Amino acid sequence: MAQMRNVVITGAGALCAAGQHPAEIWSALNAGVSALAPIRQWDTTGWPRRVAGEIPDFDAVSLLKDRKIQKFIRRSDVFGLYAAEQAIVESGLTAYRDTLDEAAAAHFNDRTGVYVGSGGGSYQSQYDYFPLLSAAQGDLQAFGRELGDTVNPMWLLRTLPNNVLCHVGIRHGLKGSNACITNHSVSGMLAIIEGAQALRYEDAERVVAVGHDAPIEPQAVLYFHQLGLLAQDTIRSFDRNRDGSLFGEGAAALVLETAASASMRNAPILGEVLGSGYASDGEGLLAISDDGAALSDAISMALEDAQLQPSEVGVIVAHANGTRQSDASEAAAIARVFGADMPPVTGFKWAFGHLIAASGIIETVQALCGLREGRFPGIATLRDLDPGIVGLPVSVAAFTPRSDVALVISRGFGGTNAVVLIRAASGG
Amino acid sequence: MTSKRRVAVTGLGLVTPAGNSADQAWNTLMAGRSCVAPITRFDASGFPVRIAAEVKGFNEAAPIAERKQLKFANRSHRFALAAAEEAMRDAGIRPSPETRRRWGCAVGTGMMGMEFADLIRLHRHSAAAGELDVRRLLEDEVALDPMVFCRSQTPAGVSLLLRHFGIGGYATSVHTACASGGQAVGTAMKLIRRGTADYVLAGGFDSMITPIGLAGFCLLSALSPDNETPQRASRPFDASRNGFVLGEGAGFLVLEEWSAARQRGARIYAELAGDGNSLSSYRITDSHPSGDGPIQSMQQALADAGAAPADVTYVNAHGTSTQMNDRSEAAALRAVFDSQAKDVAVSSTKSVMGHLIAAAGAVEAVICALAIRHSTLPVNANLRELDPECELNIVRGEPRRRRINIAISNSLGFGGSNSCLALRNPEEVDGRAGGRA
């Protein structure tokens, strides 16, 4: 396409165990401090896995300054709304809208979209039926009869996977094109990708992209442990002794705009989304192909989409989830695309855990921090590079990216691989 | 944009209460026969609502040849595999190792959750007193069975489809409640238009006819309580309507880049010509009485298709049969079609097969493609006395024979997402009929 519209970034927001703002999280990453800690939401005495990246002193009311909304949403939604609000405020999007006359503001809202990557739900939401099941004592007739006396009538609404989409729209009056993506770990990255595509192809002039998740719950921890995916105490990406990933929780958001929309309202430009790629192994929910072929194809597609050469990529923010298979196949995919000319590689999950649906987008927000500063932290927990991962330029040491372009990788269940290329705004 | 790639619909598949193939379901729609009946899947006798539109006579083992994969699939995933297989066979094309990266998959997926039998077992072992005892969870066979996890994950369905068909490109699973299926098909269209894919398997699947699914909607008083007259219960746009009826199933379409589809001599049911996608941002369950939200999605879909309101022959309405939806949607239709509203035929096929929730939009897109193919507009069953606030040209009594230029399908979800798909008669694109009978 000859005239592809440029997609710029005008606002960012994030919260996770390592901080409640992108800059705060960035400081923690640079200090080499991991926020992974023993789980506090329930008593993990005797549990095989006890560590995660929880948001400390979680308080929905103080985060959202809204008492009423709590009745309609759950923990993960609170994170999503909070991150979205940060990004929107930083971009000045709604402040600008509020200066417009009624008709212009209505048009502005219709042309502003919302793209959300959502964890999709929790086991705990179903536990709301436990008191009723106890009262009914196994009698389904009684279960039906006593339903209205025991369960919150808002149960279904509170449980909707698309609550963040809905409430970002209502709180900020945004009414444009939208999606709620429930595609496991790549959901947040797909929110960026589909939001950017909506701008390129004129479905919208501005979009808010959000990813949110709260996967730290007892039943999920047991399942991930059964599947051999959880580490004992920390995430050691690419290390010889890595033994798995650990859950984190939180959210991140980006405000994306066409260059024309941003310049019309003199918005601060933080960076640019240059391109994206996506490919699937397609070998089943839990299977990952050892050669990383789908990931290397996704990276090549993104480079082509952005019209960049591999040598122009300054840094790779890897998925680096710390599991044996994912890290090894990711390294293989990177080597296949970049050959001997690999840019420095880092990863962030060691600092705040794996935010599942929010992982790709929070790591993109943090990558933008690094590009703007011209400096990235290494992987603080890395001791001894896996000898099977030859030549991957990854270490504990901080480094300077070799250009202002970052490749960010996100991978999920189903063998899905989604990548974006971003650039920091010059002079940023 | 002059270089816009066109998207052809070349394969269709359905598993619905009205029949377990596209042909069967179409025949039931033509007969205008309601599929709503007392719930048989579990003992619903204590619930305030005891009726639904269930999929009947479906062999749950049939869609999955690999026995090892069966345990990864819940009921809705099996609907999806069966409907997708039908659509692929109908299209007569499949991913190959050479084309797999050019195949995408976009699906509307139901809500995540454990199956009810698993929830009961978990409750009995680890929460008998009414609250979860995490120490007991450590020994709970439900919590120690990774298959329960696999079936309950939102990407479980899309993962099964990718594996079953060998799809290796863009894959996504979306959820915007009742708009999910429509938004998935719209996303799929864009993947081809934008060159991300050349072929997409698109669809939706859901099965909420379970104690928890039924409970959720009962608590919201969203369902018709007409337990004594199930066949009459779903009556969109009727003055006496009083709620929707829960359905279940799956609908799938194979989409291809138009010129390639013509080149291989594929049967083309329709051009998937436009997608409209808006957010109402009004209230979480309420639709705006003026139709604000759906108005924009319909206008966008028409603009995207390069069509005017006068080009539209048929509207497959969201038409849930709730007081609020049908009035708001009727207001939106009148606003979009204005003086032409009387010429545009409208029906809600939920009158026959109930509301398939996350599958509804995809199933109804399939119905629009069939309506174009057969030059016949399905009937809005059960309409006796039209609500004067829903004054529209509704297809009542029996189906109407009429050649369709453009058909549109609305899907409006809890949470305010609105989807509108526009499908165009293939003759209007290149003067050639769909091909291959």
# chains A, B, ... in the order shown; residues from 1 in each chain; ligands from 1
>>> closest_atom_pairs(of="chain A", to="chain B", cutoff="6 Å", atoms="only C-alpha atoms", output="CSV")
residue,atom,partner,partner_atom,distance
A:Gly121,CA,B:Met112,CA,5.7
A:Phe130,CA,B:Gly130,CA,4.8
A:Pro131,CA,B:Gly130,CA,4.1
A:Ser134,CA,B:Gly130,CA,5.3
A:Gln141,CA,B:Gly46,CA,4.1
A:Gly144,CA,B:Phe47,CA,4.0
A:Arg145,CA,B:Gly46,CA,4.8
A:Pro153,CA,B:Leu219,CA,4.8
A:Leu156,CA,B:Gly216,CA,5.0
A:Asn162,CA,B:Thr176,CA,5.6
A:Cys166,CA,B:Gly415,CA,4.7
A:Gly169,CA,B:Ser281,CA,4.9
A:Ile170,CA,B:Ser281,CA,4.3
A:Lys175,CA,B:Leu279,CA,4.4
A:Gly176,CA,B:Ser278,CA,4.9
A:Ser177,CA,B:Ser278,CA,4.8
A:Cys180,CA,B:His175,CA,5.5
A:Ile181,CA,B:Val174,CA,4.3
A:Thr182,CA,B:Val174,CA,5.2
A:Asn183,CA,B:Pro155,CA,5.2
A:Gln219,CA,B:Ala143,CA,5.9
A:Tyr223,CA,B:Pro146,CA,5.6
A:Tyr278,CA,B:Tyr170,CA,5.5
A:Ala279,CA,B:Gly169,CA,4.5
A:Ser280,CA,B:Gly168,CA,4.6
A:Asp281,CA,B:Gly168,CA,5.9
A:Gly282,CA,B:Leu162,CA,4.8
A:Glu283,CA,B:Arg163,CA,4.9
A:Gly284,CA,B:Ser159,CA,5.4
A:Leu285,CA,B:Ser159,CA,5.2
A:Gly414,CA,B:Ser159,CA,4.7
>>> write_last_selection(atoms="C-alpha atoms", output="PDB file, in the first residue's frame")
ATOM      1  CA  GLY A 121     -12.393 -14.831  33.184  1.00  0.00           C
ATOM      2  CA  PHE A 130     -20.628 -22.285  46.258  1.00  0.00           C
ATOM      3  CA  PRO A 131     -23.017 -20.979  48.941  1.00  0.00           C
ATOM      4  CA  SER A 134     -24.149 -25.894  49.712  1.00  0.00           C
ATOM      5  CA  GLN A 141     -34.220 -28.293  41.664  1.00  0.00           C
ATOM      6  CA  GLY A 144     -32.850 -23.342  40.618  1.00  0.00           C
ATOM      7  CA  ARG A 145     -35.457 -22.416  43.202  1.00  0.00           C
ATOM      8  CA  PRO A 153     -28.232 -10.648  40.406  1.00  0.00           C
ATOM      9  CA  LEU A 156     -23.208 -12.475  34.866  1.00  0.00           C
ATOM     10  CA  ASN A 162     -15.492  -7.558  27.935  1.00  0.00           C
ATOM     11  CA  CYS A 166     -17.474  -1.564  28.112  1.00  0.00           C
ATOM     12  CA  GLY A 169     -16.155   3.331  26.716  1.00  0.00           C
ATOM     13  CA  ILE A 170     -18.652   4.531  29.303  1.00  0.00           C
ATOM     14  CA  LYS A 175     -17.659   4.962  20.836  1.00  0.00           C
ATOM     15  CA  GLY A 176     -15.570   3.848  17.870  1.00  0.00           C
ATOM     16  CA  SER A 177     -14.435   0.509  16.512  1.00  0.00           C
ATOM     17  CA  CYS A 180     -12.212  -7.661  23.150  1.00  0.00           C
ATOM     18  CA  ILE A 181      -9.611 -10.310  22.484  1.00  0.00           C
ATOM     19  CA  THR A 182      -9.565 -13.393  24.711  1.00  0.00           C
ATOM     20  CA  ASN A 183      -6.648 -15.243  23.198  1.00  0.00           C
ATOM     21  CA  GLN A 219      -6.948 -23.301  41.004  1.00  0.00           C
ATOM     22  CA  TYR A 223      -3.059 -26.308  36.952  1.00  0.00           C
ATOM     23  CA  TYR A 278       1.632 -13.061  13.667  1.00  0.00           C
ATOM     24  CA  ALA A 279       1.920 -16.796  13.061  1.00  0.00           C
ATOM     25  CA  SER A 280       0.721 -19.925  14.853  1.00  0.00           C
ATOM     26  CA  ASP A 281       2.331 -23.309  15.452  1.00  0.00           C
ATOM     27  CA  GLY A 282      -1.186 -24.700  15.555  1.00  0.00           C
ATOM     28  CA  GLU A 283      -0.199 -27.971  17.179  1.00  0.00           C
ATOM     29  CA  GLY A 284      -2.584 -27.816  20.126  1.00  0.00           C
ATOM     30  CA  LEU A 285      -3.353 -25.774  23.214  1.00  0.00           C
ATOM     31  CA  GLY A 414      -2.208 -22.600  21.015  1.00  0.00           C
TER      32      GLY A 414
END
>>> residues_around(residues="region 195-209 of chain A", least_positions_apart="3", cutoff="9 Å", atoms="only C-alpha atoms", output="VMD selection string")
(chain A and resid 4 to 8 11 84 87 to 88 93 108 110 to 117 168 176 to 179 188 to 192 252 to 262 273 275 361) or (chain B and resid 194 277 300)
>>> select_by_dssp(residues="region 158-251 of chain B", states="strand (DSSP E)", output="PyMOL selection string")
chain B and resi 171-174+199-207+248-251
>>> residues_around(residues="Pro401 (chain A)", least_positions_apart="2", cutoff="8 Å", atoms="only C-alpha atoms", output="CSV table (one decimal) with C-alpha atoms, in the first residue's frame")
chain,number,residue,atom,x,y,z
A,314,GLY,CA,18.1,-2.0,18.0
A,315,VAL,CA,16.9,-4.3,20.8
A,343,PRO,CA,20.7,-7.1,18.4
A,344,PRO,CA,20.9,-7.2,22.2
A,371,LEU,CA,13.9,3.3,23.8
A,374,GLY,CA,18.4,4.8,25.2
A,375,ARG,CA,19.2,2.2,27.9
A,376,PHE,CA,17.8,-1.2,28.8
A,399,PHE,CA,23.0,-2.0,27.6
A,403,SER,CA,19.0,1.8,17.2
A,404,ASP,CA,15.8,3.4,18.3
>>> atom_distance(atom1="CA of Arg242 (chain A)", atom2="CA of Val345 (chain A)")
16.9 Å
